[in-house]
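Only one structure is covered here, and it is reproduced in the block below.
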Amino acid sequence: MNLLAKCITRNWKVGALSLLMAALKMFFILTNPLIFQHIIDHYVMRQGHYTTPEFLRGVGLWLSISITSVFLSIIARGYQDYYTKLLACRTGAALYSRAISKLLSLPFTTLEAQKSGATLGKLQTARDDAERFLIASVNNSFSAVIGIVIVTIYVTSICSALVVTFLLALPVVALLSAYFGRKVTTLQTTIHGETAALKGSIVETLRNVELVKVLGLAKQEIERLNLDCARLLDLEVGKDRYLRSVKMWQTMSSVFVHDTVFCLLLFLIFKHEISTGQYITVYIYSFYVFGPLQEVGPTINNYRQTAVSLSAFEELMVLPSEPRPAHTSFLRNINSLTFSQVSFSHPATGQPILIDLSFTVASGETIAFVGPSGAGKTTVVKLLVQLYSPQSGKIMYNGVDSNSVDTEDLRRQIGFVTQDSYIFSGTIRDNLRFAAPQANDEDCLDALHRARLGEVLERTSDGLDTVIGEAGINLSGGEKQRLAIARALIRKPRLIIFDEATSALDPATEESVTRTIRELAHYSEVATVLIAHRLSTVMHANRIYVLEKGKIVEEGSHERLVSMGGLYQALWRLQTGGSPVELANHLTTSKG
């Protein structure tokens with residue numbers, strides 16, 4: 001709850017206005033019974049002391065004051081609702097903003113271990129619970145406290161013995177709530193975990209809906225999610241049943257104290273120690289004491305539910321952020337990249353993925369990494385862009401150790417194209433400016449031209465405003481890849497990385513995209529790194545590094561590697577019509 005308090009403190013002025021309006025509302029509401037007490041005791045019960053005109057004038061005056069009081073309470077209530085909702089929304093937005101900032105600052109290895117659906121569920125639940133708790137706290141709890149204070153002051157002024165009886169309900173209800181509340185917390189913690197898991201499952205199912213439908217697994221997924229929903233429903237029903245029993249005991253205790261108070265009031269009227277008007281006033285006031293007391297249970301449950309969701313939320317917030325060097329160096333332009341004896345092991349298993357990897361690439365050069373699956377090619381990319389940090393060895397940019405390079409400055413100079421194009425819903429302009437918000441239309445058109453995507457603009461009259469749909473549904477596979485290339489180029493990168501950029505394309509489209517990649521390699525100010533399974537994509541590279549089991553086993557140009565008779569030649573022969581047996585024999589020999 002400390003995080004919630006910090007977010008509320010940032011909006012303390014709005015919170016203060018909300019509480020002020022709540023206090024004014026209760027003041028004007030509780031003024032009304034006092035006005036009616038005055039009318040009853042000084043006018044109704046003293047008929048012989050006034051003429052009819054005097055009676056009407058006096059009662060009319062006090063009724064007009066009563067109406068004004070009611071009118072002012074309505075205005076205060078309106079402002080209270082507005083400021084309370086504003087406080088809740090701002091606090092919820094602050095929680096969300098902090099969470100997003102924190103998530104994006106986490107190391108990539110930490111993010112890999114998180115389930116995106118479950119994480120999103122935690123954020124949304126914490127935000128919703130916090131907003132609901134704040135609104136209930138001001139509208140119910142704070143208003144109740146103000147009402148109890150005002151009523152206590154009034155009751156003290158007419159009979160001090162009544163105060164003790166009035167306040168008996170508070171410790172009784174509080175003790176009952178504290179006793180039963182512990183089980184509510186346990187139930188809510190279980191429900192919160194199940195809810196987060198269910199949201200994670202739903203997100204994963206929707207994310208892979210194409211596979212689910214193609215394999216005819218819709219019924220299976222529906223049954224699985226229904227079972228999860230049924231389990232969650234049982235927990236919710238159990239919690240609700242428990243809360244209703246708690247509320248029953250709280251209500252019974254409040255009713256007992258309430259009836260005791262009114263027995264005492266009737267005795268005081270019998271003894272002529274209070275007036276009829278005072279009795280009616282205390283009777284009306286009792287609703288502002290015992291009514292809120294019956295809501296203590298739900299309010300405490302609301303608090304505990306919020307505490308549970310914020311506890312899960314704070315587990316994310318205390319995760320260690322991506323380390324930052326104490327003294328950062330800013331690269332004006334990336335001119336060279338060097339790996340020196342770099343080794344890396346899997347963070348979870350400790351299994352070596354790369355071993356003593358060394359290579360260099362300078363501006364104007366193109367290098368490529370090839371090899372069988374699991375050789376470590378993707379890990380090289382993640383090390384290049386500092387998603388991973390090497391366990392040993394050095395990665396240097398312009399001769400500067402990557403551990404002292406400002407990460408954001410480095411990444412601003414990198415263009416990145418992957419096998420999955422990551423096309424966003426919106427227009428072509430939106431997709432391009434996602435990578436370079438400052439780009440103008442001329443920059444967008446230049447990037448599209450260099451990526452050979454002019455034909456998309458030619459077949460539509462909307463130009464850059466052409467809507468391409470979610471995940472680029474209105475584009476072919478090759479067009480999506482070229483749009484991804486254009487998005488990388490619009491950043492004017494000094495280092496451009498193609499990670500399996502053509503592996504999901506058909507041969508004709510692959511050739512077109514590969515031709516685009518080859519043309520980009522002629523720009524002398526850019527260093528190009530290619531990761532590929534298909535060797536036809538990397539034939540033009542200045543140097544090709546062949547990875548096997550995390551080590552560079554061969555290097556050289558395409559022609560040299562083909563003539564060496566090693567793993568590269570076996571891969572090449574397989575992809576150009578050779579027998580898979582040759583590759584299998586080579587891999588078996590290398591294992592031996």
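Just remember, in the structure tokens the first chain shown is A, the second B, etc., residues are 1-based per chain, and ligands are 1-based in the order shown.
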May I have the residues within 9 Å of Val385 in chain A as JSON, numbers by chain, using only C-alpha atoms and disregarding those fewer than 6 positions away in the same chain? {"A": [407, 410, 411, 414]}
What does the file look like for those residues with C-alpha atoms, as a PDB file, in the first residue's frame?
```pdb
ATOM      1  CA  THR A 407      22.326   1.739 -24.081  1.00  0.00           C
ATOM      2  CA  LEU A 410      23.509   2.809 -28.935  1.00  0.00           C
ATOM      3  CA  ARG A 411      20.081   1.436 -29.814  1.00  0.00           C
ATOM      4  CA  ILE A 414      20.506   0.354 -34.824  1.00  0.00           C
TER       5      ILE A 414
END
```
Pull the alpha helix (DSSP H) assignments for range 285-442 of chain A out of DSSP run on the backbone, and list those residues as a ChimeraX atom specification. /A:285-293,296-317,377-384,407-411,428-435,441-442
Expected file contents, prior selection, C-alpha atoms, as a CSV table (one decimal), in the first residue's frame:
```csv
chain,number,residue,atom,x,y,z
A,285,TYR,CA,-28.6,10.8,13.2
A,286,SER,CA,-28.6,7.1,14.1
A,287,PHE,CA,-28.9,6.3,10.4
A,288,TYR,CA,-25.6,8.2,9.7
A,289,VAL,CA,-23.9,6.1,12.4
A,290,PHE,CA,-25.3,2.6,12.2
A,291,GLY,CA,-25.8,2.6,8.5
A,292,PRO,CA,-22.1,3.2,7.7
A,293,LEU,CA,-21.1,0.8,10.5
A,296,VAL,CA,-17.5,-1.6,7.6
A,297,GLY,CA,-17.2,-5.2,6.5
A,298,PRO,CA,-17.4,-4.6,2.7
A,299,THR,CA,-15.0,-1.6,3.2
A,300,ILE,CA,-12.5,-3.7,5.0
A,301,ASN,CA,-12.8,-6.4,2.4
A,302,ASN,CA,-12.3,-3.8,-0.3
A,303,TYR,CA,-9.1,-2.7,1.6
A,304,ARG,CA,-7.8,-6.3,1.9
A,305,GLN,CA,-8.6,-7.0,-1.8
A,306,THR,CA,-6.7,-3.8,-2.8
A,307,ALA,CA,-3.8,-4.8,-0.5
A,308,VAL,CA,-3.5,-8.2,-2.1
A,309,SER,CA,-3.6,-6.9,-5.7
A,310,LEU,CA,-1.1,-4.1,-4.8
A,311,SER,CA,1.2,-6.7,-3.2
A,312,ALA,CA,1.3,-8.6,-6.4
A,313,PHE,CA,1.8,-5.4,-8.2
A,314,GLU,CA,4.7,-4.3,-6.0
A,315,GLU,CA,6.4,-7.7,-6.6
A,316,LEU,CA,6.9,-6.4,-10.2
A,317,MET,CA,8.1,-3.0,-9.0
A,377,LYS,CA,22.7,-17.3,-33.9
A,378,THR,CA,19.8,-15.5,-32.2
A,379,THR,CA,21.9,-15.1,-29.0
A,380,VAL,CA,24.5,-13.2,-31.1
A,381,VAL,CA,21.8,-10.7,-32.1
A,382,LYS,CA,20.6,-10.3,-28.5
A,383,LEU,CA,24.1,-9.6,-27.4
A,384,LEU,CA,24.6,-7.1,-30.3
A,407,THR,CA,22.3,1.7,-24.1
A,408,GLU,CA,19.6,4.1,-25.4
A,409,ASP,CA,22.2,6.1,-27.4
A,410,LEU,CA,23.5,2.8,-28.9
A,411,ARG,CA,20.1,1.4,-29.8
A,428,ILE,CA,1.9,3.1,-43.4
A,429,ARG,CA,3.0,6.5,-41.9
A,430,ASP,CA,2.1,5.3,-38.4
A,431,ASN,CA,4.3,2.2,-38.8
A,432,LEU,CA,7.2,4.2,-40.1
A,433,ARG,CA,7.0,7.0,-37.5
A,434,PHE,CA,6.8,4.4,-34.8
A,435,ALA,CA,10.5,3.9,-35.2
A,441,ASP,CA,6.6,12.5,-45.2
A,442,GLU,CA,9.8,13.0,-47.3
```
Neighbouring residues of range 476-486 of chain A were defined as those with any atom within 10 Å, considering only C-alpha atoms; residues of the same chain fewer than 6 positions away were excluded. Please report them as a count of residues only. 44
Range 74-90 of chain A environment, 7 Å, only C-alpha atoms, sequence neighbours closer than 4 positions dropped, as a list in words: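 My list of contacting residues is Asn11, Val14, Gly15, Leu17, Ser18, Met21, Ala22, Leu24, Lys25, Val70, Ala94, Glu131, Leu134 and Ile135 of chain A.
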Any chance you can output those residues with N, CA and C atoms as a PDB file, in the first residue's frame?
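Ended up saving to part.pdb:
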```pdb
ATOM      1  N   ASN A  11      -1.077  13.666  -5.925  1.00  0.00           N
ATOM      2  CA  ASN A  11      -2.320  14.379  -6.252  1.00  0.00           C
ATOM      3  C   ASN A  11      -3.021  14.847  -4.974  1.00  0.00           C
ATOM      4  N   VAL A  14      -5.976  17.473  -5.133  1.00  0.00           N
ATOM      5  CA  VAL A  14      -7.265  16.919  -5.547  1.00  0.00           C
ATOM      6  C   VAL A  14      -7.871  16.114  -4.402  1.00  0.00           C
ATOM      7  N   GLY A  15      -7.026  15.337  -3.694  1.00  0.00           N
ATOM      8  CA  GLY A  15      -7.507  14.559  -2.554  1.00  0.00           C
ATOM      9  C   GLY A  15      -8.055  15.447  -1.447  1.00  0.00           C
ATOM     10  N   LEU A  17      -9.330  18.470  -1.780  1.00  0.00           N
ATOM     11  CA  LEU A  17     -10.613  19.023  -2.226  1.00  0.00           C
ATOM     12  C   LEU A  17     -11.729  17.984  -2.107  1.00  0.00           C
ATOM     13  N   SER A  18     -11.411  16.740  -2.424  1.00  0.00           N
ATOM     14  CA  SER A  18     -12.403  15.675  -2.313  1.00  0.00           C
ATOM     15  C   SER A  18     -12.860  15.504  -0.869  1.00  0.00           C
ATOM     16  N   MET A  21     -14.956  18.547   0.293  1.00  0.00           N
ATOM     17  CA  MET A  21     -16.337  18.482  -0.210  1.00  0.00           C
ATOM     18  C   MET A  21     -17.144  17.419   0.546  1.00  0.00           C
ATOM     19  N   ALA A  22     -16.514  16.292   0.889  1.00  0.00           N
ATOM     20  CA  ALA A  22     -17.207  15.250   1.651  1.00  0.00           C
ATOM     21  C   ALA A  22     -17.595  15.761   3.033  1.00  0.00           C
ATOM     22  N   LEU A  24     -18.049  18.965   3.899  1.00  0.00           N
ATOM     23  CA  LEU A  24     -19.114  19.964   3.734  1.00  0.00           C
ATOM     24  C   LEU A  24     -20.455  19.292   3.463  1.00  0.00           C
ATOM     25  N   LYS A  25     -20.435  18.244   2.656  1.00  0.00           N
ATOM     26  CA  LYS A  25     -21.678  17.521   2.358  1.00  0.00           C
ATOM     27  C   LYS A  25     -22.300  16.988   3.643  1.00  0.00           C
ATOM     28  N   VAL A  70     -30.025  21.619   2.143  1.00  0.00           N
ATOM     29  CA  VAL A  70     -30.105  20.454   1.263  1.00  0.00           C
ATOM     30  C   VAL A  70     -29.489  20.770  -0.093  1.00  0.00           C
ATOM     31  N   ALA A  94      -1.305   6.876 -12.540  1.00  0.00           N
ATOM     32  CA  ALA A  94       0.069   6.950 -12.017  1.00  0.00           C
ATOM     33  C   ALA A  94       0.614   5.556 -11.740  1.00  0.00           C
ATOM     34  N   GLU A 131      -8.578   2.186  -7.623  1.00  0.00           N
ATOM     35  CA  GLU A 131      -9.578   3.209  -7.920  1.00  0.00           C
ATOM     36  C   GLU A 131     -10.859   2.953  -7.122  1.00  0.00           C
ATOM     37  N   LEU A 134     -10.281   3.838  -3.387  1.00  0.00           N
ATOM     38  CA  LEU A 134     -10.253   5.280  -3.115  1.00  0.00           C
ATOM     39  C   LEU A 134     -11.657   5.874  -3.120  1.00  0.00           C
ATOM     40  N   ILE A 135     -12.455   5.478  -4.108  1.00  0.00           N
ATOM     41  CA  ILE A 135     -13.824   6.005  -4.193  1.00  0.00           C
ATOM     42  C   ILE A 135     -14.631   5.585  -2.970  1.00  0.00           C
TER      43      ILE A 135
END
```
Residues within 10 Å of Gly58 in chain A, only C-alpha atoms, excluding chain neighbours under 6 positions, as a list in words: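 What passes the distance filter is Ile39, His42, Tyr43, Tyr50 and Thr52 of chain A.
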Which is closest to Val370 in chain A among A:Asp462, A:Glu548, A:Asp401, A:Asp234, if we use only C-alpha atoms?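 Closest to Val370 in chain A of all the choices is A:Glu548.
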